[in-house]
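Right, one structure below, let's go through it.
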Amino acid sequence: MKQALEGIKVLDLTRVLAGPYATMLMADMGADVIKIEMPGIGDDSRQFGPYINNESAYFMSLNRNKRSMTLNLKKPEAKALLIEMVKKVDIVIENFRPGTMEKLGLGYEDLKQINPGIIYAACSGFGHSGPYSQRAAYDAVVQAMGGIMSITGEKNGKPTRVGPSIGDITAGLFGAIGVLAALNYKNATGMGQKVDVAMLDCQLAILENAITRYVVTGEVPKPAGNRHASIVPFETFDTLDGEIMIAAGNDALWAKLCEVIDKKDWIADERFKTNPLRNQNYEALRPMLGEAINTKTTAEWQDILDKAGVPNGPINTIDKVLEDPQVKAREMVVEVEHPIAGKLKMAGVPIKMSETQGSVRKPAPVLGQHTEEILKELLQLSNEEITELKSKDVF
């Protein structure tokens with residue numbers, strides 16, 4: 001089966017998480033992603049644990065399906081090679097601080113003179129414009145500045161960082177979407193463009209209803225634990241042996257929930273008939289619901305609620321997630337054989353496509369593994385030319 005991005009070539013100058021996540025998505029869908037790394041050092045995340053045979057599992061989980069090429073861009077010969085490569089690829093993506101590529105003479109304005117159809121994607125903390133543009137940023141910084149920490153955590157508790165690095169991951173997702181949109185425009189017009197994605201912007205974009213709640217009510221949203229801010233009941237409840245998440249997202253589901261917990265009279269109760277009323281009378285409803293749910297085990301409630309069609313689920317730890325039958329059926333855990341590290345399990349491809357299904361075809365590359373291969377294939381260099389470049393520490 002062909003893959004959706006087969007034939008698309010990407011020069012990946014990114015490191016750590018936001019950029020590599022975006023290029024991983026493209027590689028999973030068939031793009032030829034050429035990862036450019038510093039000789040002897042490579043992507044910063046190669047130094048992040050845990051390790052298997054001195055290979056970073058962190059790096060391997062984000063850089064599958066890619067080829068690694070080393071280039072010392074401080075050398076004029078390396079810069080010349082990169083420029084020649086730009087002429088032959090569709091996409092260049094980087095996540096340096098704004099201005100870094102421009103200082104090297106490799107910014108968008110430089111590269112579009114070389115290849116007018118180039119799509120140049122830049123992922124950075126604050127973007128290529130605005131007063132914060134030159135500030136450094138990491139995931140935790142933009143989570144703090146973007147508002148999401150201020151609405152995450154226990155009720156009356158301190159703001160809490162979201163577990164996964166969603167500052168980086170959302171920038172990677174939006175970056176990939178921007179590149180694909182630009183690619184569609186290029187297919188129609190032949191014109192490339194710059195895609196400028198800021199981690200802070202992306203945090204604003206995923207605040208969901210927090211912005212509208214503040215704008216409409218004037219009240220600043222605060223952490224509310226596991227409760228949804230607008231829907232009741234939509235939170236975790238204690239069971240006899242743990243907790244269960246119950247999400248009765250409309251009045252019909254509320255009625256079904258009332259039936260299975262043997263509280264049919266609540267359906268017609270004037271305090272709880274509609275979602276706005278349940279929100280209004282939450283303080284009265286919550287303890288009664290909690291008492292009703294705390295009469296059976298999590299597994300018992302799962303069975304009962306599933307049969308009634310009421311959305312619910314246990315709070316799975318990571319080990320349980322990996323063994324979940326639905327996760328396995330959807331091939332969301334895959335095992336990859338790395339030449340040094342051996343076998344490693346990682347998340348699969350979440351986008352399921354009927355004609356061009358993406359896949360994890362090969363492990364993350366060893367540093368510089370494909371340098372000579374790419375020089376021969378993309379730039380048609382001879383063995384003699386490659387040997388000379390190597391002697392000058394170009395790669």
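Chains: A, B, ... in order of the structure tokens. Residues: from 1 per chain. Ligands: from 1, in order shown.
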
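In the backbone-derived DSSP annotation, strand (DSSP E or B) within range 31-191 of chain A comprises A:Asp32, A:Val33, A:Ile34, A:Lys35, A:Ile36, A:Glu37, A:Tyr51, A:Ile52, A:Glu55, A:Ser56, A:Lys66, A:Arg67, A:Ser68, A:Met69, A:Thr70, A:Ile91, A:Val92, A:Ile93, A:Glu94, A:Ile119, A:Tyr120, A:Ala121, A:Ala122, A:Cys123, A:Ser124.
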
Which residues come within 7 Å of Ile118 in chain A, counting only C-alpha atoms, excluding same-chain residues fewer than 2 positions away, as a list in words?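 Those residues are Asp90, Ile91, Lys112, Asn115, Pro116, Tyr120, Gly192 and Gln193 of chain A.
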
Kindly export the residues of the current selection with N, CA and C atoms, as a compact mmCIF listing (two decimals), in the first residue's frame.
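Below you can see result-v8.txt, which holds the result:
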```txt
# COMPACT_ATOMS: atom_id res chain seq x y z
N ASP A 90 11.25 19.21 -0.58
CA ASP A 90 9.98 19.94 -0.56
C ASP A 90 9.83 20.80 0.69
N ILE A 91 10.39 20.31 1.79
CA ILE A 91 10.14 20.93 3.10
C ILE A 91 11.44 21.05 3.88
N LYS A 112 14.21 30.57 -0.07
CA LYS A 112 13.22 30.66 -1.15
C LYS A 112 13.84 31.23 -2.43
N ASN A 115 15.09 27.88 -3.79
CA ASN A 115 13.99 27.01 -4.18
C ASN A 115 12.67 27.72 -3.87
N PRO A 116 12.08 28.41 -4.86
CA PRO A 116 10.86 29.19 -4.62
C PRO A 116 9.69 28.35 -4.12
N TYR A 120 8.94 26.18 4.30
CA TYR A 120 9.87 26.37 5.40
C TYR A 120 9.05 26.47 6.68
N GLY A 192 5.78 27.95 -2.61
CA GLY A 192 6.04 27.55 -1.23
C GLY A 192 5.68 28.68 -0.29
N GLN A 193 5.92 28.48 1.00
CA GLN A 193 5.68 29.55 1.96
C GLN A 193 6.30 29.19 3.30
```

Pick the closest to Ile351 in chain A from A:Asn187, A:Glu235, A:Ala198, A:Met26: which is it, counting only C-alpha atoms? A:Met26

Would you kindly return, as a PyMOL selection string, each protein, DNA or RNA residue with an atom no farther than 12 Å from any atom of range 136-147 of chain A, considering only C-alpha atoms and excluding same-chain residues fewer than 5 positions away? chain A and resi 16-18+95-98+123-127+152+158-172+198-208+210-211+214+220-223

Among the residues A:Ala57, A:Leu344, A:Leu71, A:Val327, the one that comes closest to Leu13 in chain A [using only C-alpha atoms]: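 Closest residue, counting only C-alpha atoms: A:Leu71.
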
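In this model, the gap between CA of Ala188 in chain A and CA of Ala4 in chain A comes to 16.9 Å.
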
Please compute the CA of Leu375 in chain A-CA of Ile34 in chain A distance, one decimal, in Å.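 We find that CA of Leu375 in chain A and CA of Ile34 in chain A lie 11.1 Å from each other.
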
If you measure from CA of Leu111 in chain A to CA of Ser129 in chain A, what distance in Å do you get, rounded to one decimal? 19.1 Å

List every residue of range 86-138 of chain A that DSSP, applied to the backbone, labels as alpha helix (DSSP H), and write the result as a list in words. Val86, Thr100, Met101, Glu102, Lys103, Tyr108, Glu109, Asp110, Leu111, Lys112, Gln113 and Ile114 of chain A
